[in-house]
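Shown next: work-v8.pdb, given as PDB, C-alpha atoms.
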ATOM      1  CA  MET K   1     110.422  86.896 104.392
ATOM      2  CA  SER K   2     110.053  87.630 100.687
ATOM      3  CA  ASP K   3     106.875  86.874  98.765
ATOM      4  CA  LYS K   4     108.877  84.414  96.669
ATOM      5  CA  GLU K   5     109.839  82.406  99.751
ATOM      6  CA  GLN K   6     106.264  82.417 101.028
ATOM      7  CA  ILE K   7     105.071  81.049  97.681
ATOM      8  CA  LYS K   8     107.757  78.360  97.778
ATOM      9  CA  PHE K   9     106.713  77.162 101.241
ATOM     10  CA  MET K  10     103.021  77.175 100.383
ATOM     11  CA  ASN K  11     103.698  75.231  97.196
ATOM     12  CA  MET K  12     105.507  72.683  99.339
ATOM     13  CA  ALA K  13     102.426  72.354 101.580
ATOM     14  CA  ILE K  14     100.125  71.993  98.545
ATOM     15  CA  GLU K  15     102.444  69.359  97.084
ATOM     16  CA  LYS K  16     102.167  67.344 100.326
ATOM     17  CA  ALA K  17      98.376  67.555 100.005
ATOM     18  CA  SER K  18      98.472  66.264  96.424
ATOM     19  CA  GLU K  19     100.910  63.492  97.319
ATOM     20  CA  ASN K  20      98.381  62.212  99.845
ATOM     21  CA  VAL K  21      95.743  61.711  97.155
ATOM     22  CA  LYS K  22      98.178  59.379  95.388
ATOM     23  CA  THR K  23      99.560  57.538  98.423
ATOM     24  CA  GLY K  24      96.366  57.316 100.510
ATOM     25  CA  LYS K  25      98.265  58.149 103.711
ATOM     26  CA  GLY K  26      95.621  60.701 104.673
ATOM     27  CA  GLY K  27      93.282  63.422 103.457
ATOM     28  CA  PRO K  28      94.377  66.033 100.879
ATOM     29  CA  PHE K  29      96.053  68.410 103.293
ATOM     30  CA  GLY K  30      99.658  69.472 103.796
ATOM     31  CA  ALA K  31     101.567  71.725 106.192
ATOM     32  CA  VAL K  32     105.058  73.158 106.430
ATOM     33  CA  ILE K  33     106.692  74.774 109.478
ATOM     34  CA  VAL K  34     109.468  77.273 108.884
ATOM     35  CA  LYS K  35     111.893  78.933 111.289
ATOM     36  CA  ASN K  36     114.296  81.661 110.133
ATOM     37  CA  GLY K  37     113.686  80.702 106.505
ATOM     38  CA  LYS K  38     114.480  77.026 107.136
ATOM     39  CA  VAL K  39     111.920  74.204 106.861
ATOM     40  CA  ILE K  40     111.642  72.425 110.235
ATOM     41  CA  ALA K  41     108.784  70.091 109.280
ATOM     42  CA  ALA K  42     106.814  69.299 106.106
ATOM     43  CA  THR K  43     104.118  66.656 106.034
ATOM     44  CA  GLY K  44     100.749  65.651 104.729
ATOM     45  CA  ASN K  45      97.863  64.491 106.883
ATOM     46  CA  THR K  46      98.815  60.982 108.128
ATOM     47  CA  VAL K  47      95.472  59.865 109.571
ATOM     48  CA  PHE K  48      95.171  56.614 107.615
ATOM     49  CA  GLU K  49      98.846  55.754 107.751
ATOM     50  CA  THR K  50      99.079  56.049 111.539
ATOM     51  CA  TYR K  51      95.512  55.114 112.657
ATOM     52  CA  ASP K  52      95.352  58.547 114.250
ATOM     53  CA  PRO K  53      92.334  60.810 113.602
ATOM     54  CA  THR K  54      94.269  63.709 115.164
ATOM     55  CA  ALA K  55      97.149  63.441 112.688
ATOM     56  CA  HIS K  56      95.925  66.264 110.466
ATOM     57  CA  ALA K  57      98.730  67.949 108.518
ATOM     58  CA  GLU K  58      99.143  70.888 110.927
ATOM     59  CA  VAL K  59      99.125  68.678 114.047
ATOM     60  CA  ALA K  60     101.515  66.197 112.432
ATOM     61  CA  ALA K  61     103.836  69.070 111.426
ATOM     62  CA  ILE K  62     103.740  70.572 114.939
ATOM     63  CA  ARG K  63     104.652  67.215 116.439
ATOM     64  CA  LEU K  64     107.546  66.773 114.004
ATOM     65  CA  ALA K  65     108.837  70.321 114.558
ATOM     66  CA  CYS K  66     108.635  70.120 118.366
ATOM     67  CA  ASN K  67     110.412  66.803 118.318
ATOM     68  CA  GLU K  68     113.074  68.252 116.003
ATOM     69  CA  LEU K  69     113.607  71.283 118.281
ATOM     70  CA  LYS K  70     113.035  69.339 121.537
ATOM     71  CA  SER K  71     110.608  72.030 122.641
ATOM     72  CA  VAL K  72     106.896  72.068 123.514
ATOM     73  CA  THR K  73     106.458  75.453 121.828
ATOM     74  CA  LEU K  74     107.387  76.897 118.451
ATOM     75  CA  GLU K  75     107.978  80.588 119.033
ATOM     76  CA  GLY K  76     109.642  82.202 116.026
ATOM     77  CA  CYS K  77     108.032  79.679 113.645
ATOM     78  CA  GLU K  78     105.502  80.143 110.856
ATOM     79  CA  ILE K  79     103.124  77.493 109.541
ATOM     80  CA  TYR K  80     101.959  77.141 105.938
ATOM     81  CA  ALA K  81      98.756  75.114 105.644
ATOM     82  CA  SER K  82      97.374  74.062 102.257
ATOM     83  CA  CYS K  83      93.904  74.583 103.737
ATOM     84  CA  GLU K  84      92.437  76.746 106.498
ATOM     85  CA  PRO K  85      92.962  74.772 109.718
ATOM     86  CA  CYS K  86      90.025  72.993 111.360
ATOM     87  CA  PRO K  87      89.356  74.046 114.999
ATOM     88  CA  MET K  88      91.567  71.199 116.271
ATOM     89  CA  CYS K  89      94.526  72.327 114.165
ATOM     90  CA  LEU K  90      93.931  76.024 114.799
ATOM     91  CA  SER K  91      93.934  75.374 118.551
ATOM     92  CA  ALA K  92      97.088  73.299 118.217
ATOM     93  CA  ILE K  93      98.744  76.279 116.472
ATOM     94  CA  TYR K  94      97.827  78.457 119.466
ATOM     95  CA  TRP K  95      99.040  75.900 122.012
ATOM     96  CA  ALA K  96     102.327  75.637 120.095
ATOM     97  CA  LYS K  97     102.671  79.451 120.142
ATOM     98  CA  ILE K  98     103.424  79.634 116.415
ATOM     99  CA  ASP K  99     103.971  83.254 115.283
ATOM    100  CA  LYS K 100     102.083  83.273 111.995
ATOM    101  CA  LEU K 101      99.634  81.166 109.996
ATOM    102  CA  TYR K 102      99.446  81.187 106.195
ATOM    103  CA  TYR K 103      96.625  79.237 104.569
ATOM    104  CA  ALA K 104      95.439  78.727 100.994
ATOM    105  CA  ALA K 105      92.175  76.766 100.469
ATOM    106  CA  THR K 106      89.281  77.567 102.809
ATOM    107  CA  LYS K 107      87.205  75.536 105.266
ATOM    108  CA  GLU K 108      84.334  75.820 102.780
ATOM    109  CA  ASP K 109      86.496  74.109 100.132
ATOM    110  CA  ALA K 110      87.288  71.346 102.644
ATOM    111  CA  SER K 111      83.587  70.878 103.398
ATOM    112  CA  ALA K 112      82.802  70.688  99.666
ATOM    113  CA  ALA K 113      85.312  67.831  99.478
ATOM    114  CA  GLY K 114      83.472  65.914 102.207
ATOM    115  CA  PHE K 115      85.199  67.109 105.403
ATOM    116  CA  ASP K 116      83.325  68.408 108.467
ATOM    117  CA  ASP K 117      85.274  71.641 108.965
ATOM    118  CA  THR K 118      82.477  74.216 108.738
ATOM    119  CA  PHE K 119      80.153  72.010 110.821
ATOM    120  CA  LEU K 120      82.847  71.692 113.473
ATOM    121  CA  TYR K 121      83.376  75.472 113.744
ATOM    122  CA  LYS K 122      79.635  75.824 114.394
ATOM    123  CA  GLU K 123      79.579  73.040 117.012
ATOM    124  CA  ILE K 124      82.571  74.390 118.969
ATOM    125  CA  ALA K 125      80.842  77.761 119.333
ATOM    126  CA  LEU K 126      77.782  76.205 121.026
ATOM    127  CA  ASN K 127      77.339  75.540 124.728
ATOM    128  CA  PRO K 128      77.874  71.853 125.609
ATOM    129  CA  GLY K 129      74.150  71.140 125.987
ATOM    130  CA  LYS K 130      73.379  72.516 122.506
ATOM    131  CA  ARG K 131      75.955  70.445 120.628
ATOM    132  CA  SER K 132      75.205  67.295 118.626
ATOM    133  CA  LEU K 133      77.790  65.478 120.797
ATOM    134  CA  ASN K 134      76.100  63.761 123.734
ATOM    135  CA  THR K 135      77.761  65.448 126.741
ATOM    136  CA  GLN K 136      77.401  64.960 130.495
ATOM    137  CA  HIS K 137      78.951  67.173 133.171
ATOM    138  CA  PHE K 138      79.387  65.587 136.615
ATOM    139  CA  MET K 139      81.850  65.167 139.522
ATOM    140  CA  HIS K 140      82.892  68.812 139.238
ATOM    141  CA  GLN K 141      84.104  69.149 142.846
ATOM    142  CA  GLU K 142      86.064  65.903 142.812
ATOM    143  CA  ALA K 143      88.064  67.055 139.785
ATOM    144  CA  LEU K 144      89.235  70.303 141.353
ATOM    145  CA  VAL K 145      91.767  68.501 143.533
ATOM    146  CA  SER K 146      94.328  68.103 140.727
ATOM    147  CA  PHE K 147      94.097  71.812 139.867
ATOM    148  CA  GLU K 148      94.642  72.713 143.524
ATOM    149  CA  GLU K 149      97.683  70.431 143.626
ATOM    150  CA  TRP K 150      98.960  72.004 140.384
ATOM    151  CA  LYS K 151      98.522  75.549 141.670
ATOM    152  CA  ARG K 152     100.299  74.677 144.919
ATOM    153  CA  LYS K 153     103.166  73.128 142.952
ATOM    154  CA  LEU K 154     103.526  76.187 140.716
ATOM    155  CA  ASN K 155     102.685  78.708 143.432
ATOM    156  CA  ILE K 156      99.802  80.024 141.375
ATOM    157  CA  ASP K 157      97.513  82.153 143.505
ATOM    158  CA  ASP K 158      93.810  82.006 142.866
ATOM    159  CA  ILE K 159      93.546  84.096 139.693
TER     160      ILE K 159
ATOM    161  CA  MET E 160      76.131  51.981 131.985
ATOM    162  CA  SER E 161      75.438  52.297 135.697
ATOM    163  CA  ASP E 162      76.176  55.488 137.636
ATOM    164  CA  LYS E 163      78.686  53.499 139.674
ATOM    165  CA  GLU E 164      80.677  52.598 136.579
ATOM    166  CA  GLN E 165      80.622  56.186 135.327
ATOM    167  CA  ILE E 166      82.000  57.358 138.687
ATOM    168  CA  LYS E 167      84.707  54.681 138.529
ATOM    169  CA  PHE E 168      85.864  55.772 135.067
ATOM    170  CA  MET E 169      85.824  59.474 135.962
ATOM    171  CA  ASN E 170      87.803  58.771 139.113
ATOM    172  CA  MET E 171      90.353  57.011 136.937
ATOM    173  CA  ALA E 172      90.631  60.123 134.716
ATOM    174  CA  ILE E 173      90.986  62.384 137.777
ATOM    175  CA  GLU E 174      93.667  60.079 139.167
ATOM    176  CA  LYS E 175      95.642  60.406 135.930
ATOM    177  CA  ALA E 176      95.406  64.207 136.287
ATOM    178  CA  SER E 177      96.730  64.089 139.845
ATOM    179  CA  GLU E 178      99.507  61.674 138.901
ATOM    180  CA  ASN E 179     100.739  64.261 136.393
ATOM    181  CA  VAL E 180     101.239  66.864 139.097
ATOM    182  CA  LYS E 181     103.587  64.426 140.804
ATOM    183  CA  THR E 182     105.425  63.099 137.747
ATOM    184  CA  GLY E 183     105.608  66.303 135.702
ATOM    185  CA  LYS E 184     104.756  64.424 132.486
ATOM    186  CA  GLY E 185     102.198  67.063 131.562
ATOM    187  CA  GLY E 186      99.450  69.368 132.812
ATOM    188  CA  PRO E 187      96.891  68.221 135.438
ATOM    189  CA  PHE E 188      94.494  66.541 133.024
ATOM    190  CA  GLY E 189      93.462  62.928 132.489
ATOM    191  CA  ALA E 190      91.214  61.018 130.101
ATOM    192  CA  VAL E 191      89.812  57.513 129.848
ATOM    193  CA  ILE E 192      88.184  55.898 126.797
ATOM    194  CA  VAL E 193      85.715  53.086 127.393
ATOM    195  CA  LYS E 194      84.045  50.660 124.987
ATOM    196  CA  ASN E 195      81.353  48.240 126.148
ATOM    197  CA  GLY E 196      82.356  48.828 129.756
ATOM    198  CA  LYS E 197      86.024  48.070 129.072
ATOM    199  CA  VAL E 198      88.819  50.645 129.369
ATOM    200  CA  ILE E 199      90.582  50.962 125.986
ATOM    201  CA  ALA E 200      92.890  53.863 126.941
ATOM    202  CA  ALA E 201      93.692  55.803 130.122
ATOM    203  CA  THR E 202      96.303  58.521 130.191
ATOM    204  CA  GLY E 203      97.294  61.883 131.499
ATOM    205  CA  ASN E 204      98.404  64.810 129.364
ATOM    206  CA  THR E 205     101.890  63.891 128.076
ATOM    207  CA  VAL E 206     102.967  67.274 126.656
ATOM    208  CA  PHE E 207     106.228  67.592 128.593
ATOM    209  CA  GLU E 208     107.125  63.916 128.425
ATOM    210  CA  THR E 209     106.809  63.726 124.638
ATOM    211  CA  TYR E 210     107.690  67.299 123.550
ATOM    212  CA  ASP E 211     104.245  67.448 121.979
ATOM    213  CA  PRO E 212     101.946  70.415 122.665
ATOM    214  CA  THR E 213      99.070  68.453 121.097
ATOM    215  CA  ALA E 214      99.389  65.557 123.567
ATOM    216  CA  HIS E 215      96.574  66.745 125.831
ATOM    217  CA  ALA E 216      94.946  63.918 127.770
ATOM    218  CA  GLU E 217      91.988  63.504 125.389
ATOM    219  CA  VAL E 218      94.145  63.567 122.245
ATOM    220  CA  ALA E 219      96.673  61.184 123.820
ATOM    221  CA  ALA E 220      93.842  58.832 124.829
ATOM    222  CA  ILE E 221      92.313  58.933 121.325
ATOM    223  CA  ARG E 222      95.702  58.057 119.817
ATOM    224  CA  LEU E 223      96.147  55.139 122.208
ATOM    225  CA  ALA E 224      92.607  53.846 121.668
ATOM    226  CA  CYS E 225      92.764  54.097 117.852
ATOM    227  CA  ASN E 226      96.100  52.340 117.845
ATOM    228  CA  GLU E 227      94.697  49.647 120.138
ATOM    229  CA  LEU E 228      91.653  49.099 117.899
ATOM    230  CA  LYS E 229      93.553  49.710 114.626
ATOM    231  CA  SER E 230      90.845  52.141 113.571
ATOM    232  CA  VAL E 231      90.756  55.848 112.741
ATOM    233  CA  THR E 232      87.376  56.231 114.462
ATOM    234  CA  LEU E 233      85.977  55.261 117.858
ATOM    235  CA  GLU E 234      82.283  54.647 117.288
ATOM    236  CA  GLY E 235      80.719  52.942 120.313
ATOM    237  CA  CYS E 236      83.241  54.540 122.678
ATOM    238  CA  GLU E 237      82.784  57.039 125.492
ATOM    239  CA  ILE E 238      85.421  59.427 126.798
ATOM    240  CA  TYR E 239      85.807  60.565 130.413
ATOM    241  CA  ALA E 240      87.799  63.806 130.715
ATOM    242  CA  SER E 241      88.880  65.146 134.104
ATOM    243  CA  CYS E 242      88.307  68.643 132.666
ATOM    244  CA  GLU E 243      86.097  70.124 129.947
ATOM    245  CA  PRO E 244      88.045  69.632 126.703
ATOM    246  CA  CYS E 245      89.762  72.610 125.043
ATOM    247  CA  PRO E 246      88.674  73.283 121.434
ATOM    248  CA  MET E 247      91.530  71.111 120.118
ATOM    249  CA  CYS E 248      90.451  68.132 122.207
ATOM    250  CA  LEU E 249      86.741  68.700 121.610
ATOM    251  CA  SER E 250      87.355  68.739 117.851
ATOM    252  CA  ALA E 251      89.469  65.595 118.149
ATOM    253  CA  ILE E 252      86.524  63.898 119.898
ATOM    254  CA  TYR E 253      84.305  64.817 116.940
ATOM    255  CA  TRP E 254      86.864  63.658 114.355
ATOM    256  CA  ALA E 255      87.177  60.351 116.251
ATOM    257  CA  LYS E 256      83.368  59.965 116.218
ATOM    258  CA  ILE E 257      83.225  59.176 119.936
ATOM    259  CA  ASP E 258      79.629  58.569 121.105
ATOM    260  CA  LYS E 259      79.615  60.425 124.407
ATOM    261  CA  LEU E 260      81.708  62.885 126.410
ATOM    262  CA  TYR E 261      81.739  63.041 130.211
ATOM    263  CA  TYR E 262      83.669  65.882 131.843
ATOM    264  CA  ALA E 263      84.201  67.035 135.437
ATOM    265  CA  ALA E 264      86.128  70.312 135.966
ATOM    266  CA  THR E 265      85.266  73.219 133.658
ATOM    267  CA  LYS E 266      87.255  75.339 131.204
ATOM    268  CA  GLU E 267      86.969  78.190 133.715
ATOM    269  CA  ASP E 268      88.727  76.012 136.324
ATOM    270  CA  ALA E 269      91.476  75.282 133.781
ATOM    271  CA  SER E 270      91.898  79.001 133.055
ATOM    272  CA  ALA E 271      92.113  79.738 136.796
ATOM    273  CA  ALA E 272      95.001  77.256 136.933
ATOM    274  CA  GLY E 273      96.871  79.121 134.191
ATOM    275  CA  PHE E 274      95.656  77.415 130.991
ATOM    276  CA  ASP E 275      94.292  79.302 127.961
ATOM    277  CA  ASP E 276      91.090  77.336 127.471
ATOM    278  CA  THR E 277      88.484  80.108 127.750
ATOM    279  CA  PHE E 278      90.632  82.482 125.672
ATOM    280  CA  LEU E 279      90.954  79.810 122.992
ATOM    281  CA  TYR E 280      87.185  79.240 122.756
ATOM    282  CA  LYS E 281      86.784  82.979 122.125
ATOM    283  CA  GLU E 282      89.542  83.101 119.498
ATOM    284  CA  ILE E 283      88.232  80.103 117.525
ATOM    285  CA  ALA E 284      84.828  81.784 117.202
ATOM    286  CA  LEU E 285      86.324  84.892 115.525
ATOM    287  CA  ASN E 286      86.948  85.374 111.825
ATOM    288  CA  PRO E 287      90.651  84.905 110.912
ATOM    289  CA  GLY E 288      91.306  88.636 110.560
ATOM    290  CA  LYS E 289      89.948  89.335 114.056
ATOM    291  CA  ARG E 290      92.083  86.783 115.894
ATOM    292  CA  SER E 291      95.223  87.553 117.869
ATOM    293  CA  LEU E 292      97.050  85.004 115.672
ATOM    294  CA  ASN E 293      98.723  86.756 112.730
ATOM    295  CA  THR E 294      97.037  85.105 109.722
ATOM    296  CA  GLN E 295      97.484  85.496 105.974
ATOM    297  CA  HIS E 296      95.253  83.951 103.286
ATOM    298  CA  PHE E 297      96.817  83.559  99.835
ATOM    299  CA  MET E 298      97.244  81.126  96.906
ATOM    300  CA  HIS E 299      93.608  80.043  97.209
ATOM    301  CA  GLN E 300      93.237  78.870  93.604
ATOM    302  CA  GLU E 301      96.512  76.934  93.591
ATOM    303  CA  ALA E 302      95.421  74.896  96.605
ATOM    304  CA  LEU E 303      92.162  73.709  95.054
ATOM    305  CA  VAL E 304      93.970  71.205  92.840
ATOM    306  CA  SER E 305      94.420  68.625  95.610
ATOM    307  CA  PHE E 306      90.715  68.801  96.505
ATOM    308  CA  GLU E 307      89.782  68.290  92.848
ATOM    309  CA  GLU E 308      92.090  65.263  92.702
ATOM    310  CA  TRP E 309      90.572  63.939  95.949
ATOM    311  CA  LYS E 310      87.017  64.358  94.687
ATOM    312  CA  ARG E 311      87.870  62.610  91.402
ATOM    313  CA  LYS E 312      89.444  59.735  93.318
ATOM    314  CA  LEU E 313      86.412  59.319  95.576
ATOM    315  CA  ASN E 314      83.833  60.182  92.904
ATOM    316  CA  ILE E 315      82.514  63.018  95.027
ATOM    317  CA  ASP E 316      80.324  65.316  92.941
ATOM    318  CA  ASP E 317      80.461  69.002  93.650
ATOM    319  CA  ILE E 318      78.429  69.167  96.831
TER     320      ILE E 318
END
Please go through the file and, once you have read it, give me the structure as structure tokens.
Amino acid sequence: MSDKEQIKFMNMAIEKASENVKTGKGGPFGAVIVKNGKVIAATGNTVFETYDPTAHAEVAAIRLACNELKSVTLEGCEIYASCEPCPMCLSAIYWAKIDKLYYAATKEDASAAGFDDTFLYKEIALNPGKRSLNTQHFMHQEALVSFEEWKRKLNIDDI
Amino acid sequence: MSDKEQIKFMNMAIEKASENVKTGKGGPFGAVIVKNGKVIAATGNTVFETYDPTAHAEVAAIRLACNELKSVTLEGCEIYASCEPCPMCLSAIYWAKIDKLYYAATKEDASAAGFDDTFLYKEIALNPGKRSLNTQHFMHQEALVSFEEWKRKLNIDDI
């Protein structure tokens, strides 16, 4: 893809971020998903509009694109994010098997605007007991049943 | 909350995980969100059912609960996850401001059943250039405009 096209798609993502400041649909973040030079999804963060704290721009775009392609993965796609993805969005990009991530603003910029991105990266890296989130691990054995059933169904050997 | 109630809610989450193996709606994961002893949301992973790779059990439960309460946060709620959340789901729990996380199976169990959870925790902790995900950072300055607009709107000083 040419540099000119990359700039066009990123400008589209940034425009979605700016639109959100005006409309109040969500935070100032936008994302665009492109496949073979064609835009599959373009959206801002829709957290406030949809009462959904997971509807960050990248997650919202992944949902739109997967629904458009009727696929649970997005191989062959690229995502343009107006800001470096938070750990939730970055993980979503991995789960969706997107080929390439472009981002513009950084997580430090997001934090300076009042978002918890840098804090969250630090928390995720800690062991459960060290995190600020109150966490309790119990009933470990009881929960293994569904994995055993899953492995039997898929013929997955113990790996 | 009594131990007996905690066991009841976790069993409900585990049941949702097992149901998924039978129905094929998604991976073998379940989550339950509880507020003041009342179940607000209980669901399995719905990735295959909804063509949505972000519809892990915890994320799906957060969406249901927020929609039920017409709120973008879940203060005062607890979440019961049949398995240790992946970084996407863990971050979603933070964004939703859930008070407490209970989990049963571990991310190592999930990886043994074919899911990328432990790999993902390692990737998230790396700097962008070190990750297996092809990542390009550009147009940094251009993207700062939306944050400046956001800060002006909310009267956030440079922090």
**Prompt:** Residues picked by the PyMOL selection byres ((chain K) within 7 of (chain E)) here, as number ranges by chain?
**Reply:** K: 14, 17-18, 21, 28, 47-48, 51-54, 63, 66-67, 70-73, 82, 87-89, 91-92, 95-96, 99-105, 112-113, 120, 124-125, 133-140, 143-144, 146-147, 149-151, 158-159
**Request:** Please measure the separation of CA of Lys163 in chain E and CA of Asn195 in chain E, giving the value in Å to one decimal.
**Result:** 14.8 Å
**Point-to-point distance from CA of Ala61 in chain K to CA of Gly26 in chain K, Å rounded to tenths** =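 Here the two named atoms are 13.5 Å from each other.
Note that CA of Val198 in chain E and CA of Phe119 in chain K are 29.6 Å apart.
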Report, as JSON, the centre and edge lengths in Å (one decimal) of the axis-aligned box enclosing every listed atom of range 278-283 of chain E, padded by 5 Å on each side.
{"center_x": 88.9, "center_y": 81.2, "center_z": 121.6, "size_x": 14.2, "size_y": 13.9, "size_z": 18.1}
